[in-house]
$ cat entry.txt   # compact mmCIF, C-alpha atoms and all ligand atoms
# COMPACT_ATOMS: atom_id res chain seq x y z
CA MET H 1 85.48 41.34 185.14
CA GLU H 2 82.96 38.85 183.70
CA PHE H 3 80.27 39.90 181.23
CA PRO H 4 77.01 37.95 180.79
CA ASP H 5 76.66 36.40 177.32
CA GLU H 6 73.22 38.04 177.05
CA LEU H 7 74.86 41.46 177.47
CA LEU H 8 77.42 40.73 174.75
CA ALA H 9 74.62 39.54 172.46
CA ALA H 10 72.53 42.66 173.22
CA LEU H 11 75.54 44.84 172.39
CA ARG H 12 76.11 43.01 169.10
CA ASP H 13 72.44 43.33 168.15
CA ALA H 14 72.04 46.97 169.22
CA ARG H 15 71.28 49.34 166.35
CA HIS H 16 71.60 52.56 168.39
CA ILE H 17 73.83 52.66 171.45
CA GLU H 18 73.75 55.63 173.83
CA VAL H 19 76.39 56.32 176.46
CA PHE H 20 75.60 58.67 179.35
CA THR H 21 78.56 59.67 181.51
CA GLY H 22 79.22 61.42 184.79
CA ALA H 23 82.29 62.44 186.76
CA GLY H 24 83.21 58.81 187.52
CA VAL H 25 84.36 58.25 183.93
CA SER H 26 87.12 60.85 184.52
CA ALA H 27 88.03 59.65 188.02
CA GLU H 28 90.81 57.38 186.71
CA SER H 29 92.30 60.37 184.91
CA GLY H 30 92.82 61.93 188.32
CA ILE H 31 89.89 64.35 188.05
CA PRO H 32 88.02 64.37 191.37
CA THR H 33 84.35 63.52 191.04
CA PHE H 34 82.09 66.45 191.65
CA ARG H 35 81.26 65.68 195.21
CA ASP H 36 84.80 65.01 196.29
CA ALA H 37 86.34 67.82 194.19
CA LEU H 38 86.71 70.03 197.24
CA THR H 39 90.02 68.82 198.58
CA GLY H 40 92.94 70.77 199.95
CA LEU H 41 92.49 74.51 199.57
CA TRP H 42 88.85 74.11 198.64
CA GLU H 43 87.80 71.75 201.37
CA ASN H 44 86.14 74.54 203.37
CA TYR H 45 83.85 75.51 200.51
CA ASP H 46 80.56 73.99 199.48
CA ALA H 47 80.54 73.01 195.78
CA ALA H 48 76.88 73.91 195.39
CA THR H 49 77.71 77.46 196.57
CA LEU H 50 80.67 77.86 194.25
CA ALA H 51 78.73 76.36 191.32
CA SER H 52 75.87 78.87 191.45
CA PRO H 53 74.94 82.29 190.03
CA GLU H 54 74.60 83.56 193.61
CA GLY H 55 78.10 82.33 194.47
CA PHE H 56 79.58 84.04 191.42
CA ALA H 57 77.70 87.30 192.09
CA ALA H 58 78.86 87.29 195.70
CA ASP H 59 82.53 86.57 194.97
CA PRO H 60 83.47 86.33 191.26
CA ALA H 61 87.19 85.96 192.06
CA LEU H 62 86.61 82.95 194.34
CA VAL H 63 84.38 81.15 191.83
CA TRP H 64 86.60 81.98 188.84
CA GLY H 65 89.67 80.83 190.83
CA TRP H 66 87.98 77.48 191.58
CA TYR H 67 87.05 76.86 187.97
CA GLU H 68 90.52 77.83 186.75
CA TRP H 69 91.94 75.35 189.29
CA ARG H 70 89.59 72.68 187.91
CA ARG H 71 90.51 73.60 184.30
CA MET H 72 94.20 73.38 185.19
CA ARG H 73 93.64 69.90 186.63
CA VAL H 74 91.90 68.82 183.42
CA LEU H 75 94.62 70.25 181.17
CA GLN H 76 97.22 68.34 183.21
CA ALA H 77 95.18 65.11 182.96
CA GLN H 78 94.96 62.53 180.18
CA PRO H 79 91.97 60.51 178.95
CA ASN H 80 91.84 57.08 180.59
CA PRO H 81 90.98 53.66 179.03
CA ALA H 82 87.27 54.27 179.66
CA HIS H 83 87.29 57.36 177.42
CA TYR H 84 89.12 55.42 174.67
CA ALA H 85 86.78 52.43 174.97
CA ILE H 86 83.74 54.70 174.59
CA ALA H 87 85.30 56.26 171.48
CA ALA H 88 85.98 52.75 170.10
CA LEU H 89 82.39 51.73 170.79
CA ALA H 90 81.17 54.67 168.72
CA ALA H 91 83.49 53.75 165.87
CA GLY H 92 82.18 50.19 165.83
CA CYS H 93 78.41 50.57 165.84
CA ALA H 94 75.72 51.78 163.44
CA ARG H 95 74.28 54.65 165.47
CA PHE H 96 75.87 56.08 168.58
CA THR H 97 75.13 59.00 170.93
CA LEU H 98 77.38 60.21 173.73
CA ILE H 99 75.77 62.41 176.38
CA THR H 100 77.94 63.76 179.17
CA GLN H 101 77.35 65.69 182.39
CA ASN H 102 81.09 66.34 182.61
CA VAL H 103 82.64 69.71 181.86
CA ASP H 104 86.11 68.37 181.02
CA ASP H 105 87.22 67.65 177.42
CA LEU H 106 88.61 64.15 178.00
CA HIS H 107 85.98 62.47 175.80
CA GLU H 108 86.97 64.65 172.85
CA ARG H 109 90.68 64.13 173.53
CA ALA H 110 90.08 60.37 173.44
CA GLY H 111 88.44 60.64 170.01
CA SER H 112 84.72 61.00 170.77
CA ALA H 113 83.20 63.48 168.35
CA ASP H 114 80.84 66.21 169.60
CA PRO H 115 79.30 64.74 172.74
CA ILE H 116 75.97 66.21 173.85
CA ARG H 117 77.04 68.42 176.76
CA LEU H 118 74.28 68.83 179.33
CA HIS H 119 76.29 70.86 181.83
CA GLY H 120 78.54 72.89 179.55
CA SER H 121 82.34 73.00 179.41
CA LEU H 122 85.23 74.37 181.44
CA HIS H 123 86.82 75.33 178.13
CA ARG H 124 84.06 77.63 176.85
CA PRO H 125 83.71 80.61 179.23
CA ARG H 126 81.44 83.46 178.20
CA CYS H 127 80.52 86.97 179.26
CA SER H 128 78.26 86.98 182.35
CA ALA H 129 76.23 89.82 180.81
CA CYS H 130 76.20 89.77 176.97
CA GLU H 131 77.09 86.03 176.76
CA ALA H 132 79.82 86.68 174.17
CA PRO H 133 82.22 83.69 174.09
CA TYR H 134 85.58 84.43 175.73
CA ARG H 135 88.78 83.02 174.22
CA LEU H 136 91.00 81.62 176.97
CA PRO H 137 94.76 82.13 176.65
CA PRO H 138 96.55 79.00 175.38
CA GLY H 139 98.39 76.69 177.76
CA ILE H 140 97.81 75.64 181.33
CA PRO H 141 96.77 78.40 183.74
CA ASP H 142 99.13 79.04 186.63
CA GLU H 143 98.01 77.95 190.06
CA PRO H 144 96.00 81.03 191.15
CA GLU H 145 98.03 83.08 193.60
CA GLY H 146 97.32 81.76 197.06
CA GLY H 147 95.72 78.85 195.22
CA ARG H 148 92.28 80.34 195.59
CA ARG H 149 90.99 83.68 194.29
CA LEU H 150 91.51 84.93 190.77
CA ASP H 151 89.79 87.99 189.28
CA PRO H 152 87.80 86.88 186.22
CA PRO H 153 88.80 88.53 182.93
CA ARG H 154 86.55 91.20 181.47
CA CYS H 155 84.41 90.83 178.36
CA GLY H 156 85.98 92.57 175.35
CA HIS H 157 82.53 93.68 174.14
CA CYS H 158 80.77 95.03 177.23
CA GLY H 159 83.35 94.93 180.01
CA ALA H 160 81.35 92.65 182.33
CA PRO H 161 83.11 89.80 184.18
CA VAL H 162 83.61 86.57 182.22
CA ARG H 163 81.99 83.48 183.81
CA PRO H 164 82.67 79.75 183.43
CA GLY H 165 80.75 78.14 180.55
CA VAL H 166 79.11 75.56 182.80
CA VAL H 167 75.50 75.06 183.97
CA TRP H 168 75.20 76.13 187.60
CA PHE H 169 72.76 74.91 190.22
CA GLY H 170 69.49 76.71 189.65
CA GLU H 171 70.17 77.28 185.94
CA ASN H 172 68.43 75.50 183.07
CA LEU H 173 70.19 73.00 180.87
CA PRO H 174 70.95 74.21 177.34
CA GLN H 175 67.64 73.60 175.53
CA THR H 176 69.15 72.23 172.31
CA ALA H 177 71.38 69.79 174.19
CA TRP H 178 68.53 68.62 176.41
CA GLU H 179 66.19 68.04 173.48
CA ALA H 180 68.89 66.12 171.62
CA ALA H 181 69.50 64.00 174.73
CA LEU H 182 65.80 63.22 175.08
CA GLN H 183 65.49 62.35 171.39
CA ALA H 184 68.44 59.95 171.55
CA THR H 185 67.10 58.38 174.75
CA GLU H 186 63.75 57.81 173.01
CA ALA H 187 65.50 56.15 170.06
CA CYS H 188 68.32 54.06 171.52
CA ASP H 189 67.94 50.33 172.10
CA LEU H 190 70.85 50.07 174.53
CA MET H 191 72.09 52.71 177.00
CA PHE H 192 75.16 52.77 179.22
CA SER H 193 75.11 54.91 182.37
CA ILE H 194 78.76 55.26 183.38
CA GLY H 195 80.16 56.94 186.49
CA THR H 196 77.20 58.98 187.62
CA SER H 197 75.50 59.08 190.99
CA ALA H 198 72.26 59.94 189.15
CA LEU H 199 71.45 62.54 191.80
CA VAL H 200 71.15 65.69 189.70
CA TRP H 201 67.97 66.16 187.67
CA PRO H 202 66.86 66.41 184.95
CA ALA H 203 69.96 64.65 183.51
CA ALA H 204 69.69 61.79 186.00
CA GLN H 205 66.31 60.73 184.60
CA LEU H 206 67.66 59.69 181.21
CA PRO H 207 68.60 56.07 182.11
CA ALA H 208 65.23 55.54 183.80
CA LEU H 209 63.45 56.93 180.72
CA ALA H 210 65.40 54.51 178.52
CA ALA H 211 64.58 51.55 180.76
CA GLN H 212 60.86 52.47 180.87
CA ARG H 213 60.84 52.48 177.05
CA GLY H 214 62.29 48.98 176.91
CA ALA H 215 65.92 49.82 176.08
CA VAL H 216 68.60 47.64 177.69
CA VAL H 217 70.29 49.74 180.42
CA VAL H 218 73.84 48.91 181.53
CA GLN H 219 75.21 50.74 184.57
CA VAL H 220 78.97 50.95 185.23
CA ASN H 221 79.73 52.13 188.74
CA PRO H 222 81.71 50.65 191.67
CA GLY H 223 79.01 51.96 194.00
CA GLU H 224 75.25 51.68 194.26
CA THR H 225 72.99 54.35 192.83
CA SER H 226 69.29 55.00 192.43
CA LEU H 227 69.63 53.48 188.94
CA ASP H 228 70.34 50.02 190.33
CA GLY H 229 66.66 49.18 190.11
CA TYR H 230 66.40 50.26 186.44
CA ALA H 231 69.60 48.78 185.09
CA HIS H 232 69.37 45.36 183.43
CA TYR H 233 73.10 44.93 184.04
CA ASN H 234 75.04 46.48 186.92
CA LEU H 235 78.77 46.21 186.15
CA ARG H 236 80.20 46.87 189.62
CA GLY H 237 83.61 48.25 188.88
CA ALA H 238 85.74 51.08 187.59
CA ALA H 239 84.87 52.39 184.14
CA GLY H 240 88.55 52.16 183.16
CA VAL H 241 88.39 48.40 183.74
CA ALA H 242 84.83 47.51 182.70
CA MET H 243 84.62 49.40 179.41
CA PRO H 244 87.93 48.25 177.85
CA GLY H 245 87.17 44.72 179.04
CA LEU H 246 83.77 44.83 177.38
CA ILE H 247 85.08 46.28 174.14
CA ARG H 248 87.78 43.64 173.91
CA ARG H 249 85.11 40.97 174.19
CA LEU H 250 83.22 42.48 171.26
CA THR H 251 84.97 41.33 168.13
CA PRO H 252 83.27 43.85 165.76
CA TYR H 253 84.78 46.70 167.76
CA ARG H 254 88.20 45.19 168.27
CA GLU H 255 89.89 46.81 165.28
CA ASN H 256 88.79 50.25 166.51
CA PHE H 257 90.15 49.86 170.00
CA PRO H 258 93.51 51.66 170.30
N1 LIG A 301 84.38 54.34 187.41
C1 LIG A 301 83.02 54.47 187.39
N2 LIG A 301 82.31 55.18 188.31
C2 LIG A 301 83.03 55.79 189.29
C3 LIG A 301 84.44 55.70 189.38
C4 LIG A 301 85.10 54.93 188.38
N3 LIG A 301 86.44 54.79 188.39
N4 LIG A 301 84.84 56.41 190.48
C5 LIG A 301 83.71 56.93 191.04
N5 LIG A 301 82.63 56.55 190.34
C6 LIG A 301 81.21 56.88 190.57
C7 LIG A 301 80.85 57.14 192.00
O1 LIG A 301 80.48 55.93 192.65
C8 LIG A 301 79.64 58.08 191.82
O2 LIG A 301 78.43 57.32 191.75
O3 LIG A 301 80.98 58.08 189.88
C9 LIG A 301 79.88 58.76 190.46
C10 LIG A 301 80.22 60.24 190.57
O4 LIG A 301 79.11 60.89 191.13
P1 LIG A 301 79.12 62.49 191.29
O5 LIG A 301 80.38 62.93 191.94
O6 LIG A 301 77.80 62.83 191.92
O7 LIG A 301 79.18 63.06 189.81
P2 LIG A 301 78.01 63.13 188.74
O8 LIG A 301 77.07 61.97 188.88
O9 LIG A 301 78.65 63.30 187.42
O10 LIG A 301 77.26 64.49 189.14
C11 LIG A 301 76.26 64.94 188.21
O11 LIG A 301 75.97 66.96 189.45
O12 LIG A 301 77.32 68.02 190.79
C12 LIG A 301 76.62 68.19 189.60
O13 LIG A 301 76.99 69.34 187.58
C13 LIG A 301 77.56 68.41 188.45
O14 LIG A 301 77.71 67.16 186.38
C14 LIG A 301 77.61 67.04 187.79
C15 LIG A 301 76.27 66.44 188.17
$ encode --input "entry.txt" --output "structure tokens"
Amino acid sequence: MEFPDELLAALRDARHIEVFTGAGVSAESGIPTFRDALTGLWENYDAATLASPEGFAADPALVWGWYEWRRMRVLQAQPNPAHYAIAALAAGCARFTLITQNVDDLHERAGSADPIRLHGSLHRPRCSACEAPYRLPPGIPDEPEGGRRLDPPRCGHCGAPVRPGVVWFGENLPQTAWEAALQATEACDLMFSIGTSALVWPAAQLPALAAQRGAVVVQVNPGETSLDGYAHYNLRGAAGVAMPGLIRRLTPYRENFP
């Protein structure tokens, strides 16, 4: 993949780089993107129904079983070169912010420290009533019996069902995370948008906000998105190819790239 000299120069000059990721950054780790996650046993279910308070209230075992299946897939997966390249980018620049919509932990496993998590985490379930954090048993969960329904555990404090620690459709983003994401987007001078369809608001507005402020916006996506009109550079390709390729072209970051 070729990179314009102006982009390489902008990266070298950038004082504060922000990276915003979506499910596409984990695609090459074998984690289905959100909208094609419903394969096999789950193909007859609508993700927006499963990922909602109403869906959980109607059938907690079905929703918990789906999220445990997703968590199992993540625990079996490994970070891909895109995750490592993003961690290397952070190590090689003055100020860096990683914001992710993903609920997997592949960024952290690749060495990125405390990403801003706009949609929560598969690995941090909590009580559906008193919100007490729930400690998951170590190891990889077994494939739920019948591959589908699994009764959620009960909260040790109040006995209510435990729910996934993710933001569902119709729920607000965590206020602290959202404010931190807005602050970083106001301050950065270069922003990557990697592997997101930019369909789900308010997260999807961040790259447009950055572009409107005058930051350089670089989109990495094999497909077209609504951000095409905002991005100064559209790197049409897989994140696992584009990001390592870019990092290797940037001498200051080379020593940090594994
Ligand atoms: N490299 C880069 N981008 C990729 C790759 C890849 N290897 N493979 C797929 N993509 C792109 C697709 O072209 C698509 O634009 O990743 C994007 C994934 O889009 P979605 O599945 O919509 O995922 P995302 O944008 O993260 O969804 C945002 O919506 O569904 C909710 O809460 C959920 O966090 C999710 C949010």
$ closest_atom_pairs --input "entry.txt" --of "chain H" --to "ligand LIG 301 (chain A)" --cutoff "9 Å" --atoms "all atoms listed in the file" --output "CSV"
residue,atom,partner,partner_atom,distance
H:Thr21,CA,A:LIG301,O9,6.9
H:Gly22,CA,A:LIG301,O9,3.3
H:Ala23,CA,A:LIG301,O9,3.8
H:Gly24,CA,A:LIG301,O3,3.3
H:Val25,CA,A:LIG301,N1,5.2
H:Ser26,CA,A:LIG301,N3,7.2
H:Ala27,CA,A:LIG301,N3,5.1
H:Glu28,CA,A:LIG301,N3,5.4
H:Ser29,CA,A:LIG301,N3,8.8
H:Pro32,CA,A:LIG301,O5,7.8
H:Thr33,CA,A:LIG301,O5,4.1
H:Phe34,CA,A:LIG301,O5,3.9
H:Arg35,CA,A:LIG301,O5,4.4
H:Asp36,CA,A:LIG301,O5,6.5
H:Ala37,CA,A:LIG301,O5,8.0
H:Ala47,CA,A:LIG301,O12,7.8
H:Ala48,CA,A:LIG301,O12,7.5
H:Ala51,CA,A:LIG301,O13,8.1
H:Ala82,CA,A:LIG301,N1,8.3
H:Thr100,CA,A:LIG301,O14,8.0
H:Gln101,CA,A:LIG301,O14,4.3
H:Asn102,CA,A:LIG301,O14,5.1
H:Val103,CA,A:LIG301,O14,7.2
H:Leu118,CA,A:LIG301,O14,8.0
H:His119,CA,A:LIG301,O13,6.0
H:Gly120,CA,A:LIG301,O13,8.9
H:Val166,CA,A:LIG301,O13,8.1
H:Val167,CA,A:LIG301,O13,6.9
H:Trp168,CA,A:LIG301,O13,7.0
H:Phe169,CA,A:LIG301,O13,7.5
H:Ile194,CA,A:LIG301,C1,5.9
H:Gly195,CA,A:LIG301,N2,3.3
H:Thr196,CA,A:LIG301,O8,3.2
H:Ser197,CA,A:LIG301,O2,3.5
H:Ala198,CA,A:LIG301,O8,5.2
H:Leu199,CA,A:LIG301,O6,6.4
H:Val200,CA,A:LIG301,O11,5.0
H:Trp201,CA,A:LIG301,O11,8.2
H:Ala203,CA,A:LIG301,C11,7.9
H:Ala204,CA,A:LIG301,C11,7.6
H:Val220,CA,A:LIG301,C1,5.8
H:Asn221,CA,A:LIG301,N2,4.0
H:Pro222,CA,A:LIG301,O1,5.5
H:Gly223,CA,A:LIG301,O1,4.4
H:Glu224,CA,A:LIG301,O1,6.9
H:Thr225,CA,A:LIG301,O2,6.3
H:Arg236,CA,A:LIG301,C1,8.4
H:Gly237,CA,A:LIG301,N1,6.3
H:Ala238,CA,A:LIG301,N1,3.5
H:Ala239,CA,A:LIG301,N1,3.8
H:Gly240,CA,A:LIG301,N3,6.2
H:Val241,CA,A:LIG301,N1,8.1
H:Ala242,CA,A:LIG301,N1,8.3
$ closest_residue --input "entry.txt" --among "H:Leu150, H:Ala14, H:Ala129, H:Ile99" --to "Trp69 of chain H" --atoms "all atoms listed in the file"
H:Leu150
$ atom_distance --input "entry.txt" --atom1 "atom CA of Pro53 of chain H" --atom2 "atom CA of Glu171 of chain H"
8.0 Å
$ closest_residue --input "entry.txt" --among "H:Gly245, H:Ala58, H:Gly165, H:Tyr45" --to "Leu136 of chain H" --atoms "all atoms listed in the file"
H:Gly165
$ atom_distance --input "entry.txt" --atom1 "atom CA of Leu190 of chain H" --atom2 "atom CA of Val216 of chain H"
4.6 Å
$ atom_distance --input "entry.txt" --atom1 "atom CA of Met72 of chain H" --atom2 "atom CA of Pro138 of chain H"
11.5 Å
$ closest_atom_pairs --input "entry.txt" --of "segment 81-160 of chain H" --to "segment 183-186 of chain H" --cutoff "12 Å" --atoms "all atoms listed in the file" --output "tab-separated table"
residue	atom	partner	partner_atom	distance
H:Arg95	CA	H:Ala184	CA	10.0
H:Phe96	CA	H:Ala184	CA	8.9
H:Thr97	CA	H:Ala184	CA	6.8
H:Leu98	CA	H:Ala184	CA	9.2
H:Ile99	CA	H:Ala184	CA	9.1
H:Pro115	CA	H:Ala184	CA	11.9
H:Ile116	CA	H:Ala184	CA	10.1
$ residues_around --input "entry.txt" --residues "Leu8 of chain H" --least-positions-apart "6" --cutoff "9 Å" --atoms "only C-alpha atoms" --output "number ranges by chain"
H: 246, 249-250
$ write_last_selection --input "entry.txt" --atoms "C-alpha atoms" --output "PDB file, in the frame of the given file"
ATOM      1  CA  LEU H 246      83.770  44.830 177.380  1.00  0.00           C
ATOM      2  CA  ARG H 249      85.110  40.970 174.190  1.00  0.00           C
ATOM      3  CA  LEU H 250      83.220  42.480 171.260  1.00  0.00           C
TER       4      LEU H 250
END
$ residues_around --input "entry.txt" --residues "Ala187 of chain H" --least-positions-apart "4" --cutoff "10 Å" --atoms "all atoms listed in the file" --output "PDB file with C-alpha atoms, in the coordinates of the input"
ATOM      1  CA  ARG H  15      71.280  49.340 166.350  1.00  0.00           C
ATOM      2  CA  HIS H  16      71.600  52.560 168.390  1.00  0.00           C
ATOM      3  CA  ILE H  17      73.830  52.660 171.450  1.00  0.00           C
ATOM      4  CA  GLU H  18      73.750  55.630 173.830  1.00  0.00           C
ATOM      5  CA  ALA H 181      69.500  64.000 174.730  1.00  0.00           C
ATOM      6  CA  LEU H 182      65.800  63.220 175.080  1.00  0.00           C
ATOM      7  CA  GLN H 183      65.490  62.350 171.390  1.00  0.00           C
ATOM      8  CA  ALA H 210      65.400  54.510 178.520  1.00  0.00           C
ATOM      9  CA  ARG H 213      60.840  52.480 177.050  1.00  0.00           C
ATOM     10  CA  ALA H 215      65.920  49.820 176.080  1.00  0.00           C
TER      11      ALA H 215
END
$ closest_residue --input "entry.txt" --among "H:Ala113, H:Ser52, H:Arg73, H:His157" --to "Ala91 of chain H" --atoms "all atoms listed in the file"
H:Ala113
$ closest_residue --input "entry.txt" --among "H:Leu173, H:Ile31, H:Leu75, H:Ala94" --to "Cys188 of chain H" --atoms "only C-alpha atoms"
H:Ala94
$ closest_residue --input "entry.txt" --among "H:Ala177, H:Arg135, H:Gly156, H:Glu68" --to "Asp114 of chain H" --atoms "all atoms listed in the file"
H:Ala177
$ build_atoms --input "entry.txt" --residues "segment 52-68 of chain H" --atoms "N, CA, C and O atoms" --output "mmCIF file, in the frame of the given file"
data_model
loop_
_atom_site.group_PDB
_atom_site.id
_atom_site.type_symbol
_atom_site.label_atom_id
_atom_site.label_comp_id
_atom_site.auth_asym_id
_atom_site.auth_seq_id
_atom_site.Cartn_x
_atom_site.Cartn_y
_atom_site.Cartn_z
ATOM 1 N N SER H 52 77.206 78.248 191.473
ATOM 2 C CA SER H 52 75.870 78.870 191.450
ATOM 3 C C SER H 52 75.964 80.329 191.035
ATOM 4 O O SER H 52 76.998 80.981 191.281
ATOM 5 N N PRO H 53 74.915 80.870 190.392
ATOM 6 C CA PRO H 53 74.940 82.290 190.030
ATOM 7 C C PRO H 53 75.119 83.183 191.262
ATOM 8 O O PRO H 53 75.838 84.183 191.233
ATOM 9 N N GLU H 54 74.498 82.764 192.372
ATOM 10 C CA GLU H 54 74.600 83.560 193.610
ATOM 11 C C GLU H 54 76.055 83.575 194.088
ATOM 12 O O GLU H 54 76.577 84.604 194.515
ATOM 13 N N GLY H 55 76.699 82.401 194.015
ATOM 14 C CA GLY H 55 78.100 82.330 194.470
ATOM 15 C C GLY H 55 78.993 83.214 193.635
ATOM 16 O O GLY H 55 79.848 83.938 194.154
ATOM 17 N N PHE H 56 78.748 83.223 192.306
ATOM 18 C CA PHE H 56 79.580 84.040 191.420
ATOM 19 C C PHE H 56 79.316 85.523 191.658
ATOM 20 O O PHE H 56 80.237 86.333 191.732
ATOM 21 N N ALA H 57 78.035 85.871 191.852
ATOM 22 C CA ALA H 57 77.700 87.300 192.090
ATOM 23 C C ALA H 57 78.328 87.788 193.392
ATOM 24 O O ALA H 57 78.827 88.901 193.476
ATOM 25 N N ALA H 58 78.346 86.881 194.381
ATOM 26 C CA ALA H 58 78.860 87.290 195.700
ATOM 27 C C ALA H 58 80.377 87.428 195.694
ATOM 28 O O ALA H 58 80.929 88.327 196.330
ATOM 29 N N ASP H 59 81.053 86.543 194.936
ATOM 30 C CA ASP H 59 82.530 86.570 194.970
ATOM 31 C C ASP H 59 83.079 86.002 193.655
ATOM 32 O O ASP H 59 83.515 84.854 193.583
ATOM 33 N N PRO H 60 83.037 86.813 192.591
ATOM 34 C CA PRO H 60 83.470 86.330 191.260
ATOM 35 C C PRO H 60 84.900 85.776 191.271
ATOM 36 O O PRO H 60 85.184 84.775 190.632
ATOM 37 N N ALA H 61 85.778 86.389 192.059
ATOM 38 C CA ALA H 61 87.190 85.960 192.060
ATOM 39 C C ALA H 61 87.327 84.569 192.680
ATOM 40 O O ALA H 61 88.114 83.742 192.219
ATOM 41 N N LEU H 62 86.531 84.275 193.707
ATOM 42 C CA LEU H 62 86.610 82.950 194.340
ATOM 43 C C LEU H 62 86.111 81.879 193.377
ATOM 44 O O LEU H 62 86.750 80.844 193.165
ATOM 45 N N VAL H 63 84.976 82.149 192.735
ATOM 46 C CA VAL H 63 84.380 81.150 191.830
ATOM 47 C C VAL H 63 85.263 80.978 190.586
ATOM 48 O O VAL H 63 85.561 79.860 190.179
ATOM 49 N N TRP H 64 85.747 82.098 190.017
ATOM 50 C CA TRP H 64 86.600 81.980 188.840
ATOM 51 C C TRP H 64 87.889 81.237 189.193
ATOM 52 O O TRP H 64 88.354 80.373 188.450
ATOM 53 N N GLY H 65 88.442 81.515 190.385
ATOM 54 C CA GLY H 65 89.670 80.830 190.830
ATOM 55 C C GLY H 65 89.439 79.334 190.943
ATOM 56 O O GLY H 65 90.276 78.523 190.536
ATOM 57 N N TRP H 66 88.261 78.914 191.425
ATOM 58 C CA TRP H 66 87.980 77.480 191.580
ATOM 59 C C TRP H 66 87.879 76.805 190.230
ATOM 60 O O TRP H 66 88.446 75.742 189.991
ATOM 61 N N TYR H 67 87.195 77.484 189.293
ATOM 62 C CA TYR H 67 87.050 76.860 187.970
ATOM 63 C C TYR H 67 88.364 76.834 187.200
ATOM 64 O O TYR H 67 88.644 75.889 186.468
ATOM 65 N N GLU H 68 89.201 77.837 187.407
ATOM 66 C CA GLU H 68 90.520 77.830 186.750
ATOM 67 C C GLU H 68 91.379 76.702 187.354
ATOM 68 O O GLU H 68 92.125 76.019 186.644
#
